[in-house]
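Here the structure comes first, spelled out in structure tokens, and everything after it is commentary.
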2 protein chains.
Amino acid sequence: MALPDTSQYIPHLAYDSVVFGFSKGKLKILLMEYHATGWYALPGGFVRKAENLEDAVKRGLFERTGLKEIYLKQFHTFGDRSRYQPKVMKTILEANGHAIPENYWMLDRFFSVAYYALIDHEKVTLTPDNLSDSIAWYEIDRLPKLIFDHDKIVQKALQTLRENLDRNLIGGNLLPDRFTMNELQAVYEAILGEKLRRTSFQRKMLSLDILDRHEKLYTGKSHKAPFLYSFKLT
Amino acid sequence: MALPDTSQYIPHLAYDSVVFGFSKGKLKILLMEYHATGWYALPGGFVRKAENLEDAVKRGLFERTGLKEIYLKQFHTFGDRSRYQPKVMKTILEANGHAIPENYWMLDRFFSVAYYALIDHEKVTLTPDNLSDSIAWYEIDRLPKLIFDHDKIVQKALQTLRENLDRNLIGGNLLPDRFTMNELQAVYEAILGEKLRRTSFQRKMLSLDILDRHEKLYTGKSHKAPFLYSFKLT
DNA sequence: TAGAATTGTCTCAAATTGAAACAATAGAAT
DNA sequence: ATTCTATTGTTTCAATTTGAGACAATTCTA
């Protein structure tokens, strides 16, 4: 695998994505682990010269998750000089066995446009890229140390997600098509980091008139079976 | 005035600023008019190679308004290919009497990080830049046609400002240090584009415990004089 | 001194939310 | 079959917030 040259990509510009998933009651994000370094980073990439910014992000997410239709939101662009750490990037590239040319473009200062994505944890097929030997889910409150300012990016993503949760009613993007009210509440609680009142939550969600009610879900548990819901098509 | 060369600036990366002001009951923004073209654009600029992104924006705003302390918020980065219109940029540069070199960097595709600013209309000293023969205030609902996607940038700025208005209590940044409740309400109404209920607005603002009440303002009008308020130091 | 305009506060109803109670139901235990 | 436990969907009542208007106070004019 040859190093990509600069002619294909916009120099100095990258994107990073904070991909949220939900499983076993926990909010999680995707992280890559780079070969032979033990370093973790957000899935990111570069923008081709003839490509829309958002298409570049979708392309990267598709390559790593196999998903084409993804809830995606740009939330901030990071451009502090303190992001510029060419030694870190050099180590990552060299750990992949590359000889790095003088003034190689990937060692330059980069501005990163950050997006967060919400996906159904079950629908994903994870595929590492060339520089990584793994891509995997990590609980949001048990993240390993991340390179560059990626921890700051994650925190800002989470903050923005919380602020947008009610306004945009996006919680359902983390669940399968059909879900119980309890599951939806668990998603809200995981994102907000606090317990919600069951009856108030149910009343609120139903009053918003955004859910369709379907058949009951019989789990075999010895109690009343909950209804399944889906989000109404807008 | 020589053309700037690329060695000083990050290529492909620009910023644009939507500078909001408020006067005579109207919400306004700053626009530049380019020499000899009749074209209008947002005040923007480029980022120096050794400069933080946000510092570049502050530098540009200081040069044009004389203000150092400005409420500034990044809200979106625009990166569609449709922004790429080298002919427009070429015309602007040529209208300033420049001979444009082959492959001149300012004619490349640009990604623009957009910020909005809230300033006290009265504190500003407007100064055009080299390419412009004017910088002036324009009512938000009577804007001239703008180049590139700048109209889209303005709309997105306004939308974000509306969403952040209550959460961040930023309306006061458009007013002098001391203002009447009526003036504050007028700012909110101009931003939201709707009339608010006087009594409810007053009750709400007072209950938030963010205002200090000062002396009355006697305007000579034949009615009860309103109190002056200021925002509490946080 | 009366009048017009505007401000600050209060009142009462309507709507929303907090907190808990209650009835319904699915399966397990007896 | 009956009882029991856990959980769900709904209802109830109080507390809080908001909508809409009334009302008294104040400032200057006529």
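Identifiers in this document derive from the order of the structure tokens: chains are assigned A, B, ..., residues are numbered from 1 separately in each chain, and ligands are numbered from 1 in order of occurrence.
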For this session: Using only C-alpha atoms (C1' of nucleotides), select each residue of chain C with any atom at most 6 Å away from an atom of chain B, and give the selection as a PyMOL selection string.
Result: chain C and resi 5-7
Give me a file of those residues, with N, CA and C atoms (P, O5', C5', C4', C3', O3' and C1' of nucleotides), as a CSV table (one decimal), in the first residue's frame.
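Output saved as result32.csv:
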```csv
chain,number,residue,atom,x,y,z
C,5,DA,P,-52.2,58.8,23.3
C,5,DA,O5',-50.9,58.3,23.9
C,5,DA,C5',-49.7,59.1,23.9
C,5,DA,C4',-48.7,58.5,24.8
C,5,DA,C3',-48.4,57.0,24.5
C,5,DA,O3',-47.1,56.8,24.2
C,5,DA,C1',-48.7,57.4,26.8
C,6,DT,P,-46.5,55.4,23.7
C,6,DT,O5',-45.9,54.7,25.0
C,6,DT,C5',-44.9,55.5,25.7
C,6,DT,C4',-44.7,54.9,27.0
C,6,DT,C3',-44.5,53.4,27.0
C,6,DT,O3',-43.1,53.2,27.5
C,6,DT,C1',-45.9,54.1,28.8
C,7,DT,P,-42.5,51.7,27.7
C,7,DT,O5',-42.5,51.6,29.3
C,7,DT,C5',-41.9,52.6,30.1
C,7,DT,C4',-42.2,52.3,31.5
C,7,DT,C3',-41.8,50.9,31.9
C,7,DT,O3',-40.9,50.9,33.0
C,7,DT,C1',-44.1,51.3,32.6
```
Report the residues of region 34-207 of chain A whose backbone DSSP state falls under helix (DSSP H, G or I), written as a CSV table (one decimal) with N, CA, C and O atoms, in the first residue's frame.
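Contents of result_12.csv, as written:
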```csv
chain,number,residue,atom,x,y,z
A,53,LEU,N,-17.5,18.4,0.9
A,53,LEU,CA,-17.1,18.1,2.2
A,53,LEU,C,-17.9,17.0,2.8
A,53,LEU,O,-17.4,16.0,3.3
A,54,GLU,N,-19.2,17.1,2.8
A,54,GLU,CA,-20.1,16.1,3.5
A,54,GLU,C,-20.0,14.8,2.8
A,54,GLU,O,-20.1,13.7,3.4
A,55,ASP,N,-19.8,14.8,1.5
A,55,ASP,CA,-19.7,13.5,0.8
A,55,ASP,C,-18.4,12.8,1.2
A,55,ASP,O,-18.4,11.5,1.3
A,56,ALA,N,-17.3,13.5,1.5
A,56,ALA,CA,-16.1,12.9,2.0
A,56,ALA,C,-16.4,12.2,3.3
A,56,ALA,O,-16.0,11.0,3.6
A,57,VAL,N,-17.2,12.8,4.2
A,57,VAL,CA,-17.5,12.2,5.5
A,57,VAL,C,-18.3,10.9,5.3
A,57,VAL,O,-18.1,9.9,5.9
A,58,LYS,N,-19.3,11.0,4.4
A,58,LYS,CA,-20.2,9.9,4.2
A,58,LYS,C,-19.4,8.7,3.6
A,58,LYS,O,-19.6,7.6,3.9
A,59,ARG,N,-18.5,9.1,2.7
A,59,ARG,CA,-17.6,8.0,2.1
A,59,ARG,C,-16.8,7.3,3.2
A,59,ARG,O,-16.8,6.1,3.2
A,60,GLY,N,-16.2,8.1,4.1
A,60,GLY,CA,-15.4,7.5,5.1
A,60,GLY,C,-16.3,6.6,6.0
A,60,GLY,O,-15.9,5.5,6.4
A,61,LEU,N,-17.5,7.1,6.4
A,61,LEU,CA,-18.3,6.3,7.2
A,61,LEU,C,-18.8,5.0,6.5
A,61,LEU,O,-18.9,4.0,7.2
A,62,PHE,N,-19.1,5.1,5.3
A,62,PHE,CA,-19.5,3.9,4.5
A,62,PHE,C,-18.4,2.9,4.5
A,62,PHE,O,-18.6,1.7,4.7
A,63,GLU,N,-17.2,3.3,4.3
A,63,GLU,CA,-16.0,2.4,4.2
A,63,GLU,C,-15.9,1.7,5.5
A,63,GLU,O,-15.5,0.5,5.6
A,64,ARG,N,-16.1,2.3,6.6
A,64,ARG,CA,-15.9,1.7,7.9
A,64,ARG,C,-17.1,1.0,8.5
A,64,ARG,O,-16.9,0.2,9.4
A,65,THR,N,-18.3,1.4,8.2
A,65,THR,CA,-19.5,0.8,8.8
A,65,THR,C,-20.4,0.1,7.8
A,65,THR,O,-21.2,-0.7,8.3
A,81,ARG,N,-3.5,26.0,16.6
A,81,ARG,CA,-2.2,25.5,16.2
A,81,ARG,C,-1.7,24.4,17.1
A,81,ARG,O,-0.9,23.5,16.6
A,82,SER,N,-2.3,24.3,18.3
A,82,SER,CA,-1.9,23.2,19.1
A,82,SER,C,-2.2,21.8,18.6
A,82,SER,O,-1.7,20.8,19.1
A,83,ARG,N,-3.1,21.8,17.6
A,83,ARG,CA,-3.4,20.5,16.9
A,83,ARG,C,-2.2,19.9,16.2
A,83,ARG,O,-2.1,18.7,15.8
A,86,PRO,N,3.3,17.0,14.2
A,86,PRO,CA,3.8,16.2,13.1
A,86,PRO,C,4.5,14.9,13.6
A,86,PRO,O,4.5,13.9,12.9
A,87,LYS,N,5.1,15.0,14.8
A,87,LYS,CA,5.8,13.7,15.3
A,87,LYS,C,4.8,12.6,15.5
A,87,LYS,O,5.2,11.4,15.2
A,88,VAL,N,3.7,12.9,16.0
A,88,VAL,CA,2.7,11.9,16.2
A,88,VAL,C,2.3,11.2,14.9
A,88,VAL,O,2.2,10.0,14.7
A,89,MET,N,2.0,12.1,13.9
A,89,MET,CA,1.6,11.6,12.6
A,89,MET,C,2.7,10.8,12.0
A,89,MET,O,2.4,9.8,11.3
A,90,LYS,N,3.9,11.3,12.1
A,90,LYS,CA,5.0,10.6,11.5
A,90,LYS,C,5.2,9.2,12.1
A,90,LYS,O,5.4,8.2,11.4
A,91,THR,N,5.0,9.1,13.4
A,91,THR,CA,5.1,7.8,14.1
A,91,THR,C,4.1,6.8,13.6
A,91,THR,O,4.4,5.6,13.3
A,92,ILE,N,2.9,7.3,13.4
A,92,ILE,CA,1.8,6.5,12.9
A,92,ILE,C,2.1,5.9,11.5
A,92,ILE,O,1.9,4.8,11.2
A,93,LEU,N,2.5,6.8,10.6
A,93,LEU,CA,2.8,6.4,9.3
A,93,LEU,C,4.0,5.5,9.2
A,93,LEU,O,4.0,4.5,8.5
A,94,GLU,N,5.0,5.7,10.0
A,94,GLU,CA,6.2,4.9,10.0
A,94,GLU,C,5.9,3.5,10.6
A,94,GLU,O,6.5,2.5,10.2
A,95,ALA,N,5.0,3.5,11.6
A,95,ALA,CA,4.6,2.2,12.1
A,95,ALA,C,3.9,1.3,11.1
A,95,ALA,O,3.8,0.1,11.3
A,105,TRP,N,2.8,15.8,2.9
A,105,TRP,CA,1.6,16.6,3.1
A,105,TRP,C,0.8,16.2,4.4
A,105,TRP,O,0.2,17.0,5.1
A,106,MET,N,0.8,14.9,4.7
A,106,MET,CA,0.1,14.5,5.8
A,106,MET,C,0.7,14.9,7.2
A,106,MET,O,0.1,14.8,8.2
A,107,LEU,N,1.9,15.4,7.1
A,107,LEU,CA,2.6,15.9,8.3
A,107,LEU,C,2.4,17.4,8.5
A,107,LEU,O,2.9,18.0,9.5
A,121,HIS,N,-26.6,0.4,16.2
A,121,HIS,CA,-25.4,-0.4,16.5
A,121,HIS,C,-25.5,-1.8,15.8
A,121,HIS,O,-24.5,-2.4,15.5
A,122,GLU,N,-26.7,-2.3,15.6
A,122,GLU,CA,-26.8,-3.7,15.1
A,122,GLU,C,-26.6,-3.7,13.6
A,122,GLU,O,-26.3,-4.8,13.1
A,123,LYS,N,-26.7,-2.6,12.9
A,123,LYS,CA,-26.6,-2.6,11.5
A,123,LYS,C,-25.2,-2.5,10.9
A,123,LYS,O,-25.0,-2.5,9.7
A,150,HIS,N,-8.6,14.9,20.1
A,150,HIS,CA,-9.8,14.1,19.8
A,150,HIS,C,-10.6,14.0,21.1
A,150,HIS,O,-11.8,13.8,20.9
A,151,ASP,N,-10.0,14.1,22.2
A,151,ASP,CA,-10.9,14.0,23.4
A,151,ASP,C,-11.8,15.3,23.5
A,151,ASP,O,-12.9,15.2,23.9
A,152,LYS,N,-11.2,16.4,23.1
A,152,LYS,CA,-12.0,17.6,23.1
A,152,LYS,C,-13.1,17.5,22.1
A,152,LYS,O,-14.2,18.0,22.3
A,153,ILE,N,-12.8,16.9,20.9
A,153,ILE,CA,-13.8,16.8,19.9
A,153,ILE,C,-15.0,15.9,20.4
A,153,ILE,O,-16.1,16.2,20.2
A,154,VAL,N,-14.6,14.8,21.1
A,154,VAL,CA,-15.7,14.0,21.6
A,154,VAL,C,-16.6,14.7,22.6
A,154,VAL,O,-17.8,14.6,22.6
A,155,GLN,N,-15.9,15.5,23.5
A,155,GLN,CA,-16.7,16.2,24.5
A,155,GLN,C,-17.7,17.2,23.8
A,155,GLN,O,-18.8,17.4,24.2
A,156,LYS,N,-17.1,17.9,22.8
A,156,LYS,CA,-18.0,18.9,22.1
A,156,LYS,C,-19.1,18.2,21.4
A,156,LYS,O,-20.2,18.7,21.3
A,157,ALA,N,-18.8,17.0,20.8
A,157,ALA,CA,-19.9,16.3,20.1
A,157,ALA,C,-21.0,15.9,21.1
A,157,ALA,O,-22.2,16.1,20.8
A,158,LEU,N,-20.6,15.4,22.2
A,158,LEU,CA,-21.6,15.0,23.2
A,158,LEU,C,-22.4,16.2,23.7
A,158,LEU,O,-23.6,16.1,23.8
A,159,GLN,N,-21.7,17.3,23.9
A,159,GLN,CA,-22.4,18.5,24.4
A,159,GLN,C,-23.5,18.9,23.3
A,159,GLN,O,-24.6,19.2,23.6
A,160,THR,N,-23.0,18.9,22.0
A,160,THR,CA,-23.9,19.3,21.0
A,160,THR,C,-25.1,18.3,20.8
A,160,THR,O,-26.3,18.7,20.6
A,161,LEU,N,-24.8,17.0,20.9
A,161,LEU,CA,-25.8,16.0,20.9
A,161,LEU,C,-26.9,16.3,21.9
A,161,LEU,O,-28.1,16.2,21.7
A,162,ARG,N,-26.4,16.5,23.1
A,162,ARG,CA,-27.4,16.8,24.2
A,162,ARG,C,-28.3,18.0,23.9
A,162,ARG,O,-29.5,18.0,24.1
A,163,GLU,N,-27.6,19.1,23.4
A,163,GLU,CA,-28.4,20.3,23.2
A,163,GLU,C,-29.4,20.0,22.0
A,163,GLU,O,-30.5,20.6,22.0
A,164,ASN,N,-29.1,19.2,21.1
A,164,ASN,CA,-30.0,19.0,19.9
A,164,ASN,C,-31.0,17.8,20.1
A,164,ASN,O,-31.8,17.6,19.3
A,165,LEU,N,-30.8,17.1,21.3
A,165,LEU,CA,-31.6,15.9,21.4
A,165,LEU,C,-33.1,16.2,21.3
A,165,LEU,O,-33.8,15.5,20.6
A,166,ASP,N,-33.6,17.2,22.1
A,166,ASP,CA,-35.0,17.4,22.1
A,166,ASP,C,-35.5,18.2,20.8
A,166,ASP,O,-36.5,17.9,20.2
A,167,ARG,N,-34.6,19.2,20.5
A,167,ARG,CA,-35.0,20.0,19.4
A,167,ARG,C,-35.2,19.2,18.1
A,167,ARG,O,-36.2,19.4,17.3
A,168,ASN,N,-34.4,18.2,17.9
A,168,ASN,CA,-34.4,17.5,16.6
A,168,ASN,C,-35.0,16.1,16.8
A,168,ASN,O,-35.1,15.4,15.8
A,171,GLY,N,-33.1,10.9,19.0
A,171,GLY,CA,-32.8,9.7,19.7
A,171,GLY,C,-33.0,8.4,19.0
A,171,GLY,O,-32.3,7.5,19.2
A,172,GLY,N,-34.1,8.4,18.2
A,172,GLY,CA,-34.5,7.2,17.6
A,172,GLY,C,-33.5,6.6,16.6
A,172,GLY,O,-33.5,5.5,16.2
A,173,ASN,N,-32.6,7.5,16.1
A,173,ASN,CA,-31.6,7.1,15.2
A,173,ASN,C,-30.6,6.1,15.7
A,173,ASN,O,-29.9,5.4,15.0
A,174,LEU,N,-30.6,5.9,17.1
A,174,LEU,CA,-29.7,5.0,17.7
A,174,LEU,C,-30.3,3.6,17.9
A,174,LEU,O,-29.7,2.7,18.4
A,181,MET,N,-40.9,1.8,24.5
A,181,MET,CA,-40.7,3.1,25.1
A,181,MET,C,-39.5,3.1,26.1
A,181,MET,O,-38.8,4.1,26.3
A,182,ASN,N,-39.4,2.0,26.8
A,182,ASN,CA,-38.3,1.8,27.7
A,182,ASN,C,-36.9,1.9,27.1
A,182,ASN,O,-36.0,2.6,27.6
A,183,GLU,N,-36.8,1.4,25.9
A,183,GLU,CA,-35.5,1.5,25.2
A,183,GLU,C,-35.2,2.9,24.7
A,183,GLU,O,-34.1,3.4,24.8
A,184,LEU,N,-36.3,3.6,24.3
A,184,LEU,CA,-36.1,5.0,23.9
A,184,LEU,C,-35.7,5.8,25.1
A,184,LEU,O,-34.8,6.7,25.0
A,185,GLN,N,-36.3,5.5,26.2
A,185,GLN,CA,-36.0,6.3,27.4
A,185,GLN,C,-34.5,6.0,27.8
A,185,GLN,O,-33.8,6.9,28.2
A,186,ALA,N,-34.1,4.8,27.6
A,186,ALA,CA,-32.7,4.4,28.0
A,186,ALA,C,-31.7,5.2,27.1
A,186,ALA,O,-30.7,5.6,27.6
A,187,VAL,N,-32.1,5.4,25.8
A,187,VAL,CA,-31.2,6.2,25.0
A,187,VAL,C,-31.1,7.6,25.4
A,187,VAL,O,-30.0,8.2,25.6
A,188,TYR,N,-32.3,8.2,25.8
A,188,TYR,CA,-32.2,9.6,26.3
A,188,TYR,C,-31.4,9.7,27.6
A,188,TYR,O,-30.6,10.6,27.7
A,189,GLU,N,-31.6,8.7,28.4
A,189,GLU,CA,-30.8,8.8,29.7
A,189,GLU,C,-29.3,8.6,29.5
A,189,GLU,O,-28.5,9.3,30.1
A,190,ALA,N,-29.0,7.7,28.5
A,190,ALA,CA,-27.5,7.6,28.3
A,190,ALA,C,-26.9,8.8,27.7
A,190,ALA,O,-25.8,9.2,28.0
A,191,ILE,N,-27.7,9.5,26.8
A,191,ILE,CA,-27.1,10.7,26.2
A,191,ILE,C,-27.1,11.8,27.2
A,191,ILE,O,-26.1,12.5,27.3
A,192,LEU,N,-28.1,12.0,28.0
A,192,LEU,CA,-28.2,13.1,28.9
A,192,LEU,C,-27.4,12.8,30.2
A,192,LEU,O,-27.1,13.8,30.9
A,198,ARG,N,-40.2,8.0,34.4
A,198,ARG,CA,-40.9,7.1,33.4
A,198,ARG,C,-42.2,7.7,32.9
A,198,ARG,O,-42.4,7.8,31.6
A,199,THR,N,-43.0,8.1,33.8
A,199,THR,CA,-44.4,8.5,33.3
A,199,THR,C,-44.3,9.8,32.6
A,199,THR,O,-45.1,10.0,31.6
A,200,SER,N,-43.5,10.7,33.0
A,200,SER,CA,-43.4,12.0,32.3
A,200,SER,C,-42.8,11.8,30.9
A,200,SER,O,-43.3,12.4,29.9
A,201,PHE,N,-41.8,10.9,30.8
A,201,PHE,CA,-41.2,10.7,29.5
A,201,PHE,C,-42.2,10.1,28.6
A,201,PHE,O,-42.3,10.5,27.4
A,202,GLN,N,-42.9,9.1,29.0
A,202,GLN,CA,-43.9,8.5,28.2
A,202,GLN,C,-45.0,9.5,27.7
A,202,GLN,O,-45.4,9.5,26.5
A,203,ARG,N,-45.5,10.2,28.7
A,203,ARG,CA,-46.5,11.2,28.3
A,203,ARG,C,-46.0,12.2,27.3
A,203,ARG,O,-46.7,12.6,26.3
A,204,LYS,N,-44.8,12.7,27.5
A,204,LYS,CA,-44.2,13.6,26.6
A,204,LYS,C,-44.0,13.1,25.2
A,204,LYS,O,-44.4,13.7,24.2
A,205,MET,N,-43.5,11.9,25.1
A,205,MET,CA,-43.2,11.3,23.8
A,205,MET,C,-44.5,11.1,23.0
A,205,MET,O,-44.6,11.4,21.8
A,206,LEU,N,-45.5,10.6,23.8
A,206,LEU,CA,-46.8,10.3,23.1
A,206,LEU,C,-47.5,11.6,22.7
A,206,LEU,O,-48.1,11.7,21.6
A,207,SER,N,-47.3,12.7,23.5
A,207,SER,CA,-48.0,13.9,23.2
A,207,SER,C,-47.4,14.6,22.0
A,207,SER,O,-48.0,15.4,21.3
```
For this session: Measuring atom to atom with only C-alpha atoms (C1' of nucleotides), identify which of D:DT8, D:DT3, D:DT17, D:DT29 is nearest to chain A.
Result: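 Of the candidates, the smallest distance to chain A is held by D:DT8.
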Exercise. When the cut-off is 10 Å and we count only C-alpha atoms, which residues of chain B are near chain A, given as a list of chain:residue names?
Worked result: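 The selection requested is B:Ile10, B:Pro11, B:His12, B:Leu13, B:Val47, B:Lys49, B:Ala50, B:Glu51, B:Asn52, B:Leu53, B:Glu54, B:Asp55, B:Gln74, B:Phe75, B:His76, B:Thr77, B:Phe78, B:Gly79, B:Asp80, B:Arg81, B:Ser82, B:Arg83, B:Arg109, B:Phe110, B:Phe111, B:Val113, B:Ala114, B:Glu163, B:Arg167.
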For this session: Work out how far apart CA of Leu118 (chain A) and CA of Lys73 (chain A) are and give it in Å to one decimal.
Result: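 Spanning CA of Leu118 (chain A) to CA of Lys73 (chain A) is a straight-line distance of 8.9 Å.
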Region 61-219 of chain A: residues DSSP assigns to strand (DSSP E), reported as a compact mmCIF listing (two decimals) with N, CA and C atoms, in the first residue's frame:
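In the end it all went to result.txt:
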```txt
# COMPACT_ATOMS: atom_id res chain seq x y z
N TYR A 71 -27.57 9.34 9.99
CA TYR A 71 -27.85 10.66 10.53
C TYR A 71 -26.52 11.33 10.85
N LEU A 72 -26.27 12.45 10.19
CA LEU A 72 -24.96 13.07 10.24
C LEU A 72 -25.12 14.55 10.50
N LYS A 73 -24.33 15.09 11.43
CA LYS A 73 -24.43 16.52 11.71
C LYS A 73 -23.05 17.12 11.97
N GLN A 74 -22.76 18.16 11.23
CA GLN A 74 -21.53 18.90 11.46
C GLN A 74 -21.69 19.74 12.71
N PHE A 75 -20.69 19.74 13.60
CA PHE A 75 -20.88 20.52 14.82
C PHE A 75 -19.76 21.50 15.14
N HIS A 76 -18.56 21.32 14.59
CA HIS A 76 -17.52 22.31 14.88
C HIS A 76 -16.32 22.05 13.98
N THR A 77 -15.54 23.09 13.76
CA THR A 77 -14.28 22.95 13.03
C THR A 77 -13.15 23.37 13.96
N PHE A 78 -12.19 22.51 14.08
CA PHE A 78 -11.09 22.70 15.02
C PHE A 78 -9.85 23.20 14.26
N PHE A 111 -6.64 21.45 9.63
CA PHE A 111 -7.90 21.93 10.19
C PHE A 111 -8.90 20.80 10.03
N SER A 112 -9.63 20.51 11.10
CA SER A 112 -10.53 19.37 11.04
C SER A 112 -11.98 19.78 11.26
N VAL A 113 -12.81 19.44 10.29
CA VAL A 113 -14.25 19.66 10.41
C VAL A 113 -14.84 18.42 11.06
N ALA A 114 -15.51 18.61 12.18
CA ALA A 114 -15.99 17.46 12.95
C ALA A 114 -17.49 17.26 12.78
N TYR A 115 -17.88 16.01 12.62
CA TYR A 115 -19.28 15.61 12.48
C TYR A 115 -19.59 14.57 13.54
N TYR A 116 -20.84 14.54 13.98
CA TYR A 116 -21.24 13.36 14.72
C TYR A 116 -22.32 12.61 13.95
N ALA A 117 -22.32 11.29 14.15
CA ALA A 117 -23.26 10.42 13.45
C ALA A 117 -23.99 9.58 14.48
N LEU A 118 -25.24 9.27 14.20
CA LEU A 118 -26.03 8.38 15.06
C LEU A 118 -26.43 7.17 14.24
N SER A 132 -4.98 1.26 10.46
CA SER A 132 -5.48 0.79 11.75
C SER A 132 -5.58 -0.72 11.76
N ASP A 133 -5.36 -1.29 12.91
CA ASP A 133 -5.61 -2.72 12.99
C ASP A 133 -6.91 -3.03 13.70
N SER A 134 -7.61 -1.99 14.18
CA SER A 134 -8.93 -2.28 14.72
C SER A 134 -9.81 -1.04 14.67
N ILE A 135 -11.09 -1.30 14.55
CA ILE A 135 -12.09 -0.27 14.80
C ILE A 135 -13.14 -0.92 15.68
N ALA A 136 -13.50 -0.27 16.77
CA ALA A 136 -14.37 -0.93 17.73
C ALA A 136 -15.13 0.10 18.56
N TRP A 137 -16.14 -0.42 19.27
CA TRP A 137 -16.97 0.44 20.12
C TRP A 137 -16.34 0.62 21.49
N TYR A 138 -16.43 1.84 22.00
CA TYR A 138 -15.94 2.13 23.35
C TYR A 138 -16.99 2.94 24.09
N GLU A 139 -17.23 2.54 25.32
CA GLU A 139 -18.21 3.27 26.12
C GLU A 139 -17.76 4.72 26.32
N PHE A 179 -39.02 -0.25 18.52
CA PHE A 179 -38.39 -0.23 19.84
C PHE A 179 -39.48 0.01 20.87
N THR A 180 -39.16 -0.32 22.11
CA THR A 180 -40.11 -0.06 23.19
C THR A 180 -39.86 1.32 23.78
N LEU A 211 -44.71 9.26 17.14
CA LEU A 211 -44.53 7.81 17.18
C LEU A 211 -45.77 7.08 16.65
N ASP A 212 -45.51 5.98 15.97
CA ASP A 212 -46.58 5.04 15.63
C ASP A 212 -46.49 3.87 16.59
N ARG A 213 -47.66 3.44 17.06
CA ARG A 213 -47.69 2.30 17.97
C ARG A 213 -48.01 1.02 17.19
N HIS A 214 -47.24 -0.01 17.47
CA HIS A 214 -47.44 -1.27 16.75
C HIS A 214 -47.84 -2.38 17.72
N GLU A 215 -47.55 -3.64 17.35
CA GLU A 215 -47.93 -4.76 18.18
C GLU A 215 -47.12 -4.79 19.48
N LYS A 216 -47.58 -5.62 20.40
CA LYS A 216 -46.84 -5.76 21.65
C LYS A 216 -45.63 -6.67 21.47
```
Seminar exercise, completed: Residue with the minimum atom-to-atom distance to chain B, picked from D:DT16, D:DT26, D:DT11, D:DT5 with only C-alpha atoms (C1' of nucleotides) counted, is D:DT26
Exercise. What residues in chain D have any atom no more than 12 Å from chain B when counting only C-alpha atoms (C1' of nucleotides), and can you write them as a list of chain:residue names?
Worked result: D:DT17, D:DT18, D:DG19, D:DA20, D:DG21, D:DA22, D:DA25, D:DT26, D:DT27, D:DC28, D:DT29, D:DA30
Could the residues in this selection be saved with C-alpha atoms (C1' of nucleotides) as a PDB file, in the first residue's frame?
```
ATOM      1  C1'  DT D  17     -44.774  28.134  34.060  1.00  0.00           C
ATOM      2  C1'  DT D  18     -47.030  30.792  30.531  1.00  0.00           C
ATOM      3  C1'  DG D  19     -50.842  33.555  28.197  1.00  0.00           C
ATOM      4  C1'  DA D  20     -53.735  37.408  28.430  1.00  0.00           C
ATOM      5  C1'  DG D  21     -55.333  41.146  30.493  1.00  0.00           C
ATOM      6  C1'  DA D  22     -56.193  44.556  34.316  1.00  0.00           C
ATOM      7  C1'  DA D  25     -47.894  54.622  39.020  1.00  0.00           C
ATOM      8  C1'  DT D  26     -45.424  58.011  36.608  1.00  0.00           C
ATOM      9  C1'  DT D  27     -43.952  61.618  33.231  1.00  0.00           C
ATOM     10  C1'  DC D  28     -44.813  65.327  30.452  1.00  0.00           C
ATOM     11  C1'  DT D  29     -48.360  68.008  27.589  1.00  0.00           C
ATOM     12  C1'  DA D  30     -52.437  70.609  27.093  1.00  0.00           C
TER      13       DA D  30
END
```
Exercise. How far is it from CA of Asp129 (chain B) to CA of Met32 (chain B), in Å with one decimal?
Worked result: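 Straight-line distance from CA of Asp129 (chain B) to CA of Met32 (chain B) works out to 8.5 Å.
Counting from C1' of DG9 (chain D), the distance to CA of Lys232 (chain A) is 20.4 Å.
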Problem set entry | Residue contacts of Gly45 (chain B) (7 Å, only C-alpha atoms (C1' of nucleotides)) excluding same-chain residues fewer than 3 positions away, as a list in words | Ala14, Tyr15, Asp16 and Gly60 of chain B
